[in-house]
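Visitor: See model.cif below, with mmCIF, C-alpha atoms.
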```
data_protein
#
loop_
_atom_site.group_PDB
_atom_site.id
_atom_site.type_symbol
_atom_site.label_atom_id
_atom_site.label_comp_id
_atom_site.auth_asym_id
_atom_site.auth_seq_id
_atom_site.Cartn_x
_atom_site.Cartn_y
_atom_site.Cartn_z
ATOM 1 C CA MET A 11 38.441 4.041 -17.829
ATOM 2 C CA ILE A 12 37.351 0.397 -18.153
ATOM 3 C CA HIS A 13 38.305 -0.304 -14.530
ATOM 4 C CA ALA A 14 36.263 2.702 -13.349
ATOM 5 C CA LEU A 15 33.276 1.520 -15.407
ATOM 6 C CA THR A 16 33.572 -1.963 -13.903
ATOM 7 C CA LEU A 17 33.601 -0.467 -10.406
ATOM 8 C CA GLN A 18 30.537 1.646 -11.227
ATOM 9 C CA LEU A 19 28.664 -1.384 -12.557
ATOM 10 C CA ALA A 20 29.583 -3.375 -9.447
ATOM 11 C CA ALA A 21 28.316 -0.535 -7.258
ATOM 12 C CA ILE A 22 25.070 -0.383 -9.241
ATOM 13 C CA HIS A 23 24.581 -4.138 -8.869
ATOM 14 C CA LYS A 24 25.258 -3.962 -5.133
ATOM 15 C CA THR A 25 22.710 -1.153 -4.802
ATOM 16 C CA ASN A 26 20.171 -3.180 -6.791
ATOM 17 C CA ILE A 27 20.708 -6.205 -4.567
ATOM 18 C CA ASP A 28 20.288 -4.047 -1.456
ATOM 19 C CA ALA A 29 17.080 -2.543 -2.867
ATOM 20 C CA THR A 30 15.733 -5.986 -3.773
ATOM 21 C CA LEU A 31 16.469 -7.216 -0.256
ATOM 22 C CA ALA A 32 14.758 -4.142 1.229
ATOM 23 C CA ALA A 33 11.698 -4.725 -0.977
ATOM 24 C CA ALA A 34 11.583 -8.391 0.044
ATOM 25 C CA ASN A 35 11.782 -7.392 3.721
ATOM 26 C CA VAL A 36 8.900 -4.943 3.226
ATOM 27 C CA ALA A 37 6.841 -7.662 1.545
ATOM 28 C CA PHE A 38 7.560 -10.208 4.298
ATOM 29 C CA ALA A 39 6.807 -7.717 7.062
ATOM 30 C CA SER A 40 3.518 -6.824 5.379
ATOM 31 C CA ALA A 41 2.633 -10.505 4.976
ATOM 32 C CA GLU A 42 3.323 -11.018 8.689
ATOM 33 C CA ARG A 43 1.082 -8.059 9.601
ATOM 34 C CA MET A 44 -1.674 -9.382 7.335
ATOM 35 C CA ALA A 45 -1.433 -12.863 8.848
ATOM 36 C CA ALA A 46 -1.548 -11.449 12.386
ATOM 37 C CA HIS A 47 -4.509 -9.251 11.430
ATOM 38 C CA ASN A 48 -6.349 -12.225 9.908
ATOM 39 C CA LEU A 49 -5.680 -14.442 12.921
ATOM 40 C CA GLY A 50 -6.847 -11.761 15.329
ATOM 41 C CA ILE A 51 -10.046 -11.219 13.359
ATOM 42 C CA ALA A 52 -10.663 -14.972 13.034
ATOM 43 C CA HIS A 53 -10.180 -15.485 16.766
ATOM 44 C CA GLY A 54 -12.596 -12.666 17.602
ATOM 45 C CA ALA A 55 -15.120 -13.893 15.039
ATOM 46 C CA VAL A 56 -15.199 -17.406 16.513
ATOM 47 C CA GLU A 57 -15.753 -16.046 20.008
ATOM 48 C CA GLU A 58 -18.428 -13.619 18.816
ATOM 49 C CA THR A 59 -20.215 -16.253 16.749
ATOM 50 C CA MET A 60 -20.355 -18.631 19.697
ATOM 51 C CA GLY A 61 -21.708 -15.888 21.951
ATOM 52 C CA ASN A 62 -24.326 -14.886 19.381
ATOM 53 C CA ALA A 63 -25.350 -18.517 18.868
ATOM 54 C CA ARG A 64 -25.817 -18.979 22.613
ATOM 55 C CA ALA A 65 -27.891 -15.795 22.825
ATOM 56 C CA LEU A 66 -30.046 -16.781 19.847
ATOM 57 C CA LEU A 67 -30.631 -20.252 21.273
ATOM 58 C CA ALA A 68 -31.653 -18.701 24.590
ATOM 59 C CA ALA A 69 -34.288 -16.447 22.969
ATOM 60 C CA LYS A 70 -37.735 -17.078 24.393
ATOM 61 C CA ASP A 71 -39.869 -15.729 21.548
ATOM 62 C CA MET A 72 -39.712 -14.345 18.002
ATOM 63 C CA GLN A 73 -39.563 -10.726 19.151
ATOM 64 C CA GLU A 74 -36.481 -11.387 21.283
ATOM 65 C CA LEU A 75 -34.940 -13.370 18.434
ATOM 66 C CA SER A 76 -35.550 -10.464 16.026
ATOM 67 C CA GLN A 77 -34.040 -7.979 18.479
ATOM 68 C CA LEU A 78 -30.965 -10.149 18.927
ATOM 69 C CA GLN A 79 -30.500 -10.387 15.158
ATOM 70 C CA SER A 80 -30.836 -6.616 14.795
ATOM 71 C CA ALA A 81 -28.437 -6.034 17.679
ATOM 72 C CA THR A 82 -25.743 -8.156 16.040
ATOM 73 C CA ALA A 83 -26.042 -6.629 12.544
ATOM 74 C CA ARG A 84 -24.261 -3.324 13.192
ATOM 75 C CA PRO A 85 -21.333 -4.697 15.216
ATOM 76 C CA SER A 86 -20.783 -7.367 12.561
ATOM 77 C CA LEU A 87 -20.698 -4.785 9.773
ATOM 78 C CA GLU A 88 -18.443 -2.503 11.774
ATOM 79 C CA LYS A 89 -16.031 -5.381 12.376
ATOM 80 C CA ALA A 90 -16.083 -6.324 8.691
ATOM 81 C CA LEU A 91 -15.342 -2.721 7.778
ATOM 82 C CA ALA A 92 -12.579 -2.527 10.393
ATOM 83 C CA TYR A 93 -11.062 -5.722 8.977
ATOM 84 C CA THR A 94 -11.151 -4.324 5.450
ATOM 85 C CA ARG A 95 -9.705 -1.013 6.599
ATOM 86 C CA GLY A 96 -6.915 -2.808 8.477
ATOM 87 C CA MET A 97 -5.979 -4.855 5.414
ATOM 88 C CA TYR A 98 -6.154 -1.746 3.243
ATOM 89 C CA ASP A 99 -3.882 0.146 5.643
ATOM 90 C CA ILE A 100 -1.333 -2.676 5.608
ATOM 91 C CA ALA A 101 -1.377 -2.869 1.804
ATOM 92 C CA THR A 102 -1.133 0.913 1.475
ATOM 93 C CA GLY A 103 1.808 1.027 3.887
ATOM 94 C CA MET A 104 3.568 -1.682 1.904
ATOM 95 C CA GLN A 105 2.938 0.160 -1.354
ATOM 96 C CA GLN A 106 4.317 3.397 0.097
ATOM 97 C CA GLU A 107 7.478 1.679 1.335
ATOM 98 C CA LEU A 108 8.037 -0.065 -1.997
ATOM 99 C CA THR A 109 7.470 3.226 -3.806
ATOM 100 C CA ARG A 110 10.023 4.918 -1.563
ATOM 101 C CA ILE A 111 12.577 2.180 -2.331
ATOM 102 C CA PHE A 112 11.850 2.361 -6.060
ATOM 103 C CA GLU A 113 12.107 6.148 -6.154
ATOM 104 C CA ALA A 114 15.421 6.057 -4.296
ATOM 105 C CA GLN A 115 16.697 3.524 -6.833
ATOM 106 C CA CYS A 116 15.558 5.699 -9.746
ATOM 107 C CA THR A 117 17.207 8.772 -8.256
ATOM 108 C CA GLU A 118 20.462 6.936 -7.696
ATOM 109 C CA LEU A 119 20.384 5.449 -11.180
ATOM 110 C CA ASN A 120 19.728 8.856 -12.730
ATOM 111 C CA ASP A 121 22.595 10.362 -10.771
ATOM 112 C CA THR A 122 24.936 7.539 -11.817
ATOM 113 C CA VAL A 123 23.955 7.802 -15.476
ATOM 114 C CA ALA A 124 24.376 11.592 -15.444
ATOM 115 C CA GLU A 125 27.792 11.267 -13.806
ATOM 116 C CA THR A 126 28.845 8.618 -16.301
ATOM 117 C CA LEU A 127 27.662 10.765 -19.212
ATOM 118 C CA ASP A 128 29.623 13.734 -17.880
ATOM 119 C CA LYS A 129 32.770 11.638 -17.578
ATOM 120 C CA ALA A 130 32.265 10.140 -21.038
ATOM 121 C CA ALA A 131 31.669 13.586 -22.536
ATOM 122 C CA LYS A 132 35.043 14.775 -21.222
ATOM 123 C CA HIS A 133 36.816 11.964 -23.077
ATOM 124 C CA ALA A 134 34.636 11.969 -26.196
ATOM 125 C CA PRO A 135 35.798 13.198 -29.573
ATOM 126 C CA ALA A 136 35.051 16.751 -30.653
ATOM 127 C CA GLY A 137 31.543 17.324 -31.943
ATOM 128 C CA SER A 138 29.956 14.568 -29.846
ATOM 129 C CA ASP A 139 28.628 17.091 -27.344
ATOM 130 C CA ILE A 140 25.407 17.295 -29.380
ATOM 131 C CA ALA A 141 24.777 13.574 -28.849
ATOM 132 C CA PHE A 142 25.432 13.892 -25.120
ATOM 133 C CA ALA A 143 23.091 16.891 -24.913
ATOM 134 C CA ALA A 144 20.389 14.853 -26.688
ATOM 135 C CA VAL A 145 20.784 11.986 -24.214
ATOM 136 C CA LYS A 146 20.641 14.374 -21.257
ATOM 137 C CA SER A 147 17.547 16.041 -22.736
ATOM 138 C CA ALA A 148 15.876 12.643 -23.168
ATOM 139 C CA MET A 149 16.697 11.778 -19.556
ATOM 140 C CA ALA A 150 15.229 15.072 -18.345
ATOM 141 C CA ALA A 151 12.060 14.442 -20.358
ATOM 142 C CA ALA A 152 11.765 10.904 -18.974
ATOM 143 C CA ASN A 153 12.265 12.175 -15.410
ATOM 144 C CA SER A 154 9.633 14.847 -15.952
ATOM 145 C CA ALA A 155 7.167 12.272 -17.310
ATOM 146 C CA TYR A 156 7.867 9.990 -14.351
ATOM 147 C CA ASP A 157 7.314 12.850 -11.894
ATOM 148 C CA THR A 158 4.002 13.710 -13.554
ATOM 149 C CA MET A 159 2.833 10.084 -13.464
ATOM 150 C CA SER A 160 3.942 9.726 -9.876
ATOM 151 C CA LYS A 161 1.994 12.830 -8.825
ATOM 152 C CA SER A 162 -1.073 11.580 -10.689
ATOM 153 C CA ALA A 163 -0.812 8.203 -8.976
ATOM 154 C CA ARG A 164 -0.560 9.887 -5.557
ATOM 155 C CA GLN A 165 -3.621 12.003 -6.317
ATOM 156 C CA ALA A 166 -5.560 8.932 -7.473
ATOM 157 C CA THR A 167 -4.587 7.145 -4.261
ATOM 158 C CA GLU A 168 -5.788 10.089 -2.172
ATOM 159 C CA VAL A 169 -9.117 10.149 -4.031
ATOM 160 C CA ALA A 170 -9.510 6.386 -3.576
ATOM 161 C CA GLU A 171 -8.783 6.675 0.147
ATOM 162 C CA ALA A 172 -11.343 9.469 0.495
ATOM 163 C CA ASN A 173 -13.918 7.373 -1.371
ATOM 164 C CA VAL A 174 -13.240 4.348 0.842
ATOM 165 C CA ALA A 175 -13.635 6.489 3.958
ATOM 166 C CA ALA A 176 -16.883 7.989 2.635
ATOM 167 C CA ALA A 177 -18.287 4.575 1.679
ATOM 168 C CA THR A 178 -17.335 3.139 5.062
ATOM 169 C CA GLY A 179 -19.013 6.021 6.884
ATOM 170 C CA ALA A 180 -22.136 5.720 4.727
ATOM 171 C CA ALA A 181 -22.349 1.971 5.362
ATOM 172 C CA VAL A 182 -22.033 2.419 9.124
ATOM 173 C CA ARG A 183 -24.646 5.202 9.128
ATOM 174 C CA SER A 184 -26.969 3.101 6.973
ATOM 175 C CA ILE A 185 -26.775 0.128 9.348
ATOM 176 C CA GLY A 186 -27.169 2.478 12.311
ATOM 177 C CA ALA A 187 -30.344 3.912 10.789
ATOM 178 C CA ALA A 188 -31.707 0.505 9.781
ATOM 179 C CA ALA A 189 -31.237 -1.161 13.177
ATOM 180 C CA PRO A 190 -33.808 1.005 15.057
ATOM 181 C CA LYS A 191 -36.318 0.543 12.227
ATOM 182 C CA ALA A 192 -35.856 -3.213 12.377
ATOM 183 C CA ARG A 193 -36.449 -3.184 16.141
ATOM 184 C CA LYS A 194 -39.631 -1.124 15.732
ATOM 185 C CA ALA A 195 -40.924 -3.465 13.037
ATOM 186 C CA ALA A 196 -40.353 -6.474 15.304
#
```
Using structure tokens, write down the structure that the file contains.
Guide:
Amino acid sequence: MIHALTLQLAAIHKTNIDATLAAANVAFASAERMAAHNLGIAHGAVEETMGNARALLAAKDMQELSQLQSATARPSLEKALAYTRGMYDIATGMQQELTRIFEAQCTELNDTVAETLDKAAKHAPAGSDIAFAAVKSAMAAANSAYDTMSKSARQATEVAEANVAAATGAAVRSIGAAAPKARKAA
């Protein structure tokens, strides 16, 4: 029995190490995507800023200068929103992968504990079945609570994503509506 328990513990530790390595790989991959995203945005921003500066310096009068400023407002906001959305997508993808790894670990741990309890119950003294039933009931309650929290977290994430999309759309529409008014005022 002790040898079997030692083997089970070793298997659990191996699984935990594998899960930790998988989580680290997810984190590193996400960091690489974020760095690439940042570098791409920075490169584009430098080029765009230089082009805008040249155009502004070439303006012949205040009206042309005002039109150039208005013309650059919307694309700049759209790029800022695209940057934010890109970073959000990377972070959300990382969170989903880590959640998947964590949930797999929890499922495997629950299965291992249940199997161990069943084996222990077979070799336990008479009358201890009540204690094992209590432990199994507590595990079921904990699993149910975890499932409820997990569903609530998913729903909150969906609401947050919908709010981000709505705010992004409203910001783009607002800039789109303001740009023609700014041109008319100039």
Visitor: What lies within 9 Å of Asn62 in chain A using all atoms listed in the file, ignoring chain neighbours under 3 positions off, as a list of chain:residue names?
Guide: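 Surrounding residues, per the criterion: A:Glu57, A:Glu58, A:Thr59, A:Ala65, A:Leu66, A:Leu67, A:Leu78, A:Gln79, A:Thr82.
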Visitor: Provide the CA of Glu42 in chain A to CA of Gly61 in chain A distance in Å, to one decimal place.
Guide: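 These atoms are spaced 28.7 Å apart.
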Visitor: For a quick check of your reading of the model, name the residues lying within 12 Å of the coordinate (22.6, 1.5, -4.4), counting only C-alpha atoms, and write them as a compact mmCIF listing (two decimals) with C-alpha atoms, in the coordinates of the input.
Guide:
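Generated file (out32.txt):
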```
# COMPACT_ATOMS: atom_id res chain seq x y z
CA GLN A 18 30.54 1.65 -11.23
CA LEU A 19 28.66 -1.38 -12.56
CA ALA A 20 29.58 -3.38 -9.45
CA ALA A 21 28.32 -0.54 -7.26
CA ILE A 22 25.07 -0.38 -9.24
CA HIS A 23 24.58 -4.14 -8.87
CA LYS A 24 25.26 -3.96 -5.13
CA THR A 25 22.71 -1.15 -4.80
CA ASN A 26 20.17 -3.18 -6.79
CA ILE A 27 20.71 -6.20 -4.57
CA ASP A 28 20.29 -4.05 -1.46
CA ALA A 29 17.08 -2.54 -2.87
CA THR A 30 15.73 -5.99 -3.77
CA LEU A 31 16.47 -7.22 -0.26
CA ALA A 32 14.76 -4.14 1.23
CA ILE A 111 12.58 2.18 -2.33
CA PHE A 112 11.85 2.36 -6.06
CA GLU A 113 12.11 6.15 -6.15
CA ALA A 114 15.42 6.06 -4.30
CA GLN A 115 16.70 3.52 -6.83
CA CYS A 116 15.56 5.70 -9.75
CA THR A 117 17.21 8.77 -8.26
CA GLU A 118 20.46 6.94 -7.70
CA LEU A 119 20.38 5.45 -11.18
CA ASN A 120 19.73 8.86 -12.73
CA ASP A 121 22.60 10.36 -10.77
CA THR A 122 24.94 7.54 -11.82
```
Visitor: The PyMOL selection byres ((chain A and resi 44) around 12) - which residues does that actually catch in the file I just gave you? List them as a list of chain:residue names.
Guide: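 On this input, the PyMOL selection byres ((chain A and resi 44) around 12) captures A:Ala37, A:Phe38, A:Ala39, A:Ser40, A:Ala41, A:Glu42, A:Arg43, A:Ala45, A:Ala46, A:His47, A:Asn48, A:Leu49, A:Gly50, A:Ile51, A:Tyr93, A:Thr94, A:Arg95, A:Gly96, A:Met97, A:Tyr98, A:Asp99, A:Ile100, A:Ala101, A:Thr102, A:Gly103, A:Met104.
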Visitor: Would you kindly identify which residues have an atom no farther than 12 Å from (-32.4, -11.0, 17.8), using all atoms listed in the file and the file's own coordinates, and write them out as a list of chain:residue names?
Guide: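 Checked against the point, the hits come out as A:Asn62, A:Ala63, A:Arg64, A:Ala65, A:Leu66, A:Leu67, A:Ala68, A:Ala69, A:Lys70, A:Asp71, A:Met72, A:Gln73, A:Glu74, A:Leu75, A:Ser76, A:Gln77, A:Leu78, A:Gln79, A:Ser80, A:Ala81, A:Thr82, A:Ala83, A:Ala189, A:Ala192, A:Arg193, A:Ala196.
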Visitor: Neighbours of Ala150 in chain A within 12 Å (all atoms listed in the file; same-chain residues fewer than 4 positions away dropped), as a list in words?
Guide: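 Listed by chain and then number, they are Asn120, Asp121, Val123, Ala124, Ala143, Ala144, Val145, Lys146, Ser154, Ala155, Tyr156 and Asp157 of chain A.
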Visitor: So which one's closest to Lys89 in chain A, A:Ala177, A:Val182, A:Met159, A:Ala141? Using all atoms listed in the file, please.
Guide: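 Closest candidate: A:Val182.
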Visitor: Could you state the separation of CA of Ala33 in chain A and CA of Leu108 in chain A in Å, given to one decimal place?
Guide: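 Calculated distance between CA of Ala33 in chain A and CA of Leu108 in chain A is 6.0 Å.
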Visitor: Rounded to one decimal in Å, what is the spacing between CA of Pro85 in chain A and CA of Ala180 in chain A?
Guide: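 Rounded to one decimal, the two atoms are 14.8 Å apart.
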Visitor: Identify which of the residues A:Leu17, A:Ala181, A:Ala175, A:Met149 lies closest to Ser86 in chain A, counting only C-alpha atoms when measuring atom-to-atom distances.
Guide: A:Ala181
Visitor: Padding of 6 Å on every side, edges along x, y and z, all listed atoms of range 79-97 of chain A included: what centre and edge lengths in Å, to one decimal, does that box have, as JSON?
Guide:
```
{"center_x": -18.4, "center_y": -5.7, "center_z": 11.5, "size_x": 36.9, "size_y": 21.4, "size_z": 24.3}
```
